[in-house]
There are 2 protein chains.
Amino acid sequence: MADDLAPGTDRPLAGRANFLLSQLGFHTAQTFATRLAPLGIAPNHFGLLMHLERGEGSTQQQLADVLGIHRKVMVGLLDDLQHRGLVERRRHPTDRRAHAIHLTDAARALLPRARRIADQHEDEILTPLDADERGHLIAALQRLAERTGHPAGVHPGLQSSARSATR
Amino acid sequence: MADDLAPGTDRPLAGRANFLLSQLGFHTAQTFATRLAPLGIAPNHFGLLMHLERGEGSTQQQLADVLGIHRKVMVGLLDDLQHRGLVERRRHPTDRRAHAIHLTDAARALLPRARRIADQHEDEILTPLDADERGHLIAALQRLAERTGHPAGVHPGLQSSARSATR
DNA sequence: CCTGACTGTCGGGTACGGTAACAGTTACCA
DNA sequence: TGGTAACTGTTACCGTACCCGACAGTCAGG
């Protein structure tokens with residue numbers, strides 16, 4: 001579209017889609033972490049719990065693969081959740097080196113509350129838009145997200161900052 | 001909209017606007033930093049240079065206020081840029097405690113290249129959308145960004161990760 | 001049975017973020 | 001005029017988080 005030798009356009013940052021996405025993404029992650037903090041978990045814990053909900057008994061390695069992180073990080077995440085009483089590391093039925101990760105009843109009670117917080121937070125973020133505009137925005141974002149190479153629902157920044165909301 | 005006592009909706013993460021924004025924002029910031037790295041600067045340096053372009057001679061404190069960060073962080077950012085030969089700390093004409101920050105010729109030569117990289121990066125991110133959809137998306141994002149409380153063009157995550165692309 | 005590969009975990013080096021404090025300078029105000 | 005309070009830019013410090021390799025225990029295949 002732009003001439004390959006032309007200098008960049010002189011638009012302000014606030015009109016560039018990449019800046020807006022980065023700015024809004026950071027703000028969204030930050031406020032969501034704040035909303036979730038009273039539950040004693042961080043956004044990455046929430047994502048892990050959501051994954052565990054459909055598929056308990058997985059290995060830590062399997063979970064790490066699905067979320068695209070290193071097994072070492074999974075140790076820390078599960079330590080947090082176990083300390084919080086939300087997951088159990090049971091013996092794996094067939095592989096004695098591995099753990100089978102299961103949700104506790106407390107986690108099953110917590111998840112609906114967390115989902116409601118997520119809904120409220122989303123509604124708050126999208127306040128300026130009506131229902132039609134929200135639909136168009138989400139559809140557009142999904143199309144952009146598909147191109148990033150990350151599997152659906154996998155956050156690229158997951159490999160860090162697990163303990164911020166834990167203490 | 002949702003009943004206040006209802007459990008949260010059971011949508012996957014990939015369909016929630018707040019998750020999509022956070023995911024895309026992180027990915028966008030990451031790839032933009034990569035595109036910018038060959039120039040020897042990070043995204044926050046780019047933002048600072050853009051601000052300096054319209055308004056040289058500012059004090060470090062003034063710049064920190066405009067960007068919403070602490071003066072100490074500005075010291076680090078300017079250290080990087082000065083080391084890179086892009087800014088000069090001159091004596092302030094009226095206040096001998098303060099520095100007057102000026103761009104160098106190298107910075108004025110670098111900025112068009114950086115802007116072109118930003119344009120290309122934006123185009124790359126928005127590939128799946130046509131011109132109309134891009135316009136609608138940017139307009140919607142701008143309306144959401146206005147509600148965050150951050151001044152236009154101010155990135156909330158600016159207070160960190162300055163040195164990632166410097167070395 | 002024995003070697004190689006895998007699982008989950010632990011310690012150590014390193015870099016980062018935020019706090020407190022500093023000298024130099026200005027502004028206020030009696 | 002003098003003296004105190006506030007401000008600028010900077011440094012030193014400390015607790016924390018992240019990355020790396022290494023480890024015991026266990027499985028799989030020849």
# chains A, B, ... in the order shown; residues from 1 in each chain; ligands from 1
>>> interface_residues(of="chain A", to="chain C", cutoff="10 Å", atoms="only C-alpha atoms (C1' of nucleotides)", output="MDAnalysis selection string")
chainID A and resid 59:61 71:72 74:75 95:99
>>> residues_around(residues="Leu49 of chain B", least_positions_apart="4", cutoff="9 Å", atoms="only C-alpha atoms (C1' of nucleotides)", output="number ranges by chain")
B: 44-45, 53, 81, 86-87, 103, 107, 111
>>> write_last_selection(atoms="N, CA and C atoms", output="PDB file, in the first residue's frame")
ATOM      1  N   ASN B  44       8.939   2.034  23.626  1.00  0.00           N
ATOM      2  CA  ASN B  44       8.820   3.213  24.480  1.00  0.00           C
ATOM      3  C   ASN B  44       9.786   4.320  24.057  1.00  0.00           C
ATOM      4  N   HIS B  45      10.965   3.939  23.542  1.00  0.00           N
ATOM      5  CA  HIS B  45      11.855   4.954  22.979  1.00  0.00           C
ATOM      6  C   HIS B  45      11.187   5.643  21.799  1.00  0.00           C
ATOM      7  N   GLU B  53       9.606  15.163  19.177  1.00  0.00           N
ATOM      8  CA  GLU B  53       9.645  15.781  17.855  1.00  0.00           C
ATOM      9  C   GLU B  53       8.825  17.079  17.817  1.00  0.00           C
ATOM     10  N   LEU B  81      18.693   6.594  24.997  1.00  0.00           N
ATOM     11  CA  LEU B  81      18.657   7.357  23.755  1.00  0.00           C
ATOM     12  C   LEU B  81      19.941   8.171  23.571  1.00  0.00           C
ATOM     13  N   LEU B  86      20.804   9.703  20.021  1.00  0.00           N
ATOM     14  CA  LEU B  86      19.555  10.215  19.460  1.00  0.00           C
ATOM     15  C   LEU B  86      19.051  11.469  20.172  1.00  0.00           C
ATOM     16  N   VAL B  87      19.498  11.697  21.384  1.00  0.00           N
ATOM     17  CA  VAL B  87      19.091  12.923  22.086  1.00  0.00           C
ATOM     18  C   VAL B  87      20.320  13.556  22.749  1.00  0.00           C
ATOM     19  N   LEU B 103      16.587  16.649  20.215  1.00  0.00           N
ATOM     20  CA  LEU B 103      16.868  15.560  19.285  1.00  0.00           C
ATOM     21  C   LEU B 103      18.150  15.851  18.525  1.00  0.00           C
ATOM     22  N   ALA B 107      18.550  11.345  15.140  1.00  0.00           N
ATOM     23  CA  ALA B 107      17.168  11.026  15.495  1.00  0.00           C
ATOM     24  C   ALA B 107      16.207  11.498  14.410  1.00  0.00           C
ATOM     25  N   LEU B 111      13.660   8.831  12.668  1.00  0.00           N
ATOM     26  CA  LEU B 111      12.217   8.839  12.896  1.00  0.00           C
ATOM     27  C   LEU B 111      11.393   8.434  11.678  1.00  0.00           C
TER      28      LEU B 111
END
>>> closest_residue(among="A:Glu56, A:Glu124, A:Asp119, A:Asp80", to="chain B", atoms="only C-alpha atoms")
A:Asp119
>>> atom_distance(atom1="atom CA of Asp123 of chain B", atom2="atom CA of Glu133 of chain A")
22.2 Å
>>> atom_distance(atom1="atom CA of Asn18 of chain B", atom2="atom CA of Ala17 of chain A")
16.5 Å
>>> residues_around(residues="segment 36-40 of chain B", least_positions_apart="3", cutoff="12 Å", atoms="only C-alpha atoms (C1' of nucleotides)", output="PyMOL selection string")
chain B and resi 29-33+43-47+80-86+106-107+109-121+162-167
>>> interface_residues(of="chain D", to="chain A", cutoff="8 Å", atoms="only C-alpha atoms (C1' of nucleotides)", output="count of residues only")
5
>>> interface_residues(of="chain B", to="chain A", cutoff="6 Å", atoms="only C-alpha atoms", output="list of chain:residue names")
B:Pro7, B:Gly8, B:Leu13, B:Ala14, B:Ala17, B:Asn18, B:Leu21, B:Ser22, B:Gln23, B:Gly25, B:Thr28, B:Ala29, B:Pro112, B:Arg115, B:Arg116, B:Glu122, B:Ile138, B:Ala152, B:Gly153, B:His155
>>> select_by_dssp(residues="segment 45-167 of chain B", states="alpha helix (DSSP H)", output="VMD selection string")
chain B and resid 45 to 53 60 to 67 71 to 83 105 to 125 131 to 146
>>> select_by_dssp(residues="segment 6-136 of chain A", states="strand (DSSP E)", output="PDB file with N, CA and C atoms, in the first residue's frame")
ATOM      1  N   VAL A  87      -6.622 -26.727  43.286  1.00  0.00           N
ATOM      2  CA  VAL A  87      -6.299 -27.922  42.505  1.00  0.00           C
ATOM      3  C   VAL A  87      -5.642 -28.955  43.424  1.00  0.00           C
ATOM      4  N   GLU A  88      -5.701 -30.203  42.990  1.00  0.00           N
ATOM      5  CA  GLU A  88      -5.026 -31.294  43.687  1.00  0.00           C
ATOM      6  C   GLU A  88      -4.078 -31.989  42.716  1.00  0.00           C
ATOM      7  N   ARG A  89      -2.910 -32.350  43.228  1.00  0.00           N
ATOM      8  CA  ARG A  89      -1.989 -33.168  42.434  1.00  0.00           C
ATOM      9  C   ARG A  89      -2.136 -34.602  42.897  1.00  0.00           C
ATOM     10  N   ARG A  90      -2.908 -35.364  42.152  1.00  0.00           N
ATOM     11  CA  ARG A  90      -3.075 -36.765  42.525  1.00  0.00           C
ATOM     12  C   ARG A  90      -2.066 -37.626  41.782  1.00  0.00           C
ATOM     13  N   ARG A  91      -1.958 -38.867  42.237  1.00  0.00           N
ATOM     14  CA  ARG A  91      -1.057 -39.782  41.537  1.00  0.00           C
ATOM     15  C   ARG A  91      -1.674 -40.106  40.184  1.00  0.00           C
ATOM     16  N   HIS A  99       1.922 -36.323  37.602  1.00  0.00           N
ATOM     17  CA  HIS A  99       0.780 -36.010  38.454  1.00  0.00           C
ATOM     18  C   HIS A  99      -0.469 -35.877  37.602  1.00  0.00           C
ATOM     19  N   ALA A 100      -1.595 -36.256  38.189  1.00  0.00           N
ATOM     20  CA  ALA A 100      -2.888 -36.012  37.538  1.00  0.00           C
ATOM     21  C   ALA A 100      -3.524 -34.821  38.242  1.00  0.00           C
ATOM     22  N   ILE A 101      -3.736 -33.760  37.495  1.00  0.00           N
ATOM     23  CA  ILE A 101      -4.234 -32.519  38.087  1.00  0.00           C
ATOM     24  C   ILE A 101      -5.759 -32.531  38.089  1.00  0.00           C
ATOM     25  N   HIS A 102      -6.319 -32.281  39.264  1.00  0.00           N
ATOM     26  CA  HIS A 102      -7.773 -32.251  39.403  1.00  0.00           C
ATOM     27  C   HIS A 102      -8.205 -30.970  40.097  1.00  0.00           C
ATOM     28  N   LEU A 103      -9.393 -30.506  39.743  1.00  0.00           N
ATOM     29  CA  LEU A 103      -9.979 -29.349  40.409  1.00  0.00           C
ATOM     30  C   LEU A 103     -10.585 -29.783  41.743  1.00  0.00           C
TER      31      LEU A 103
END
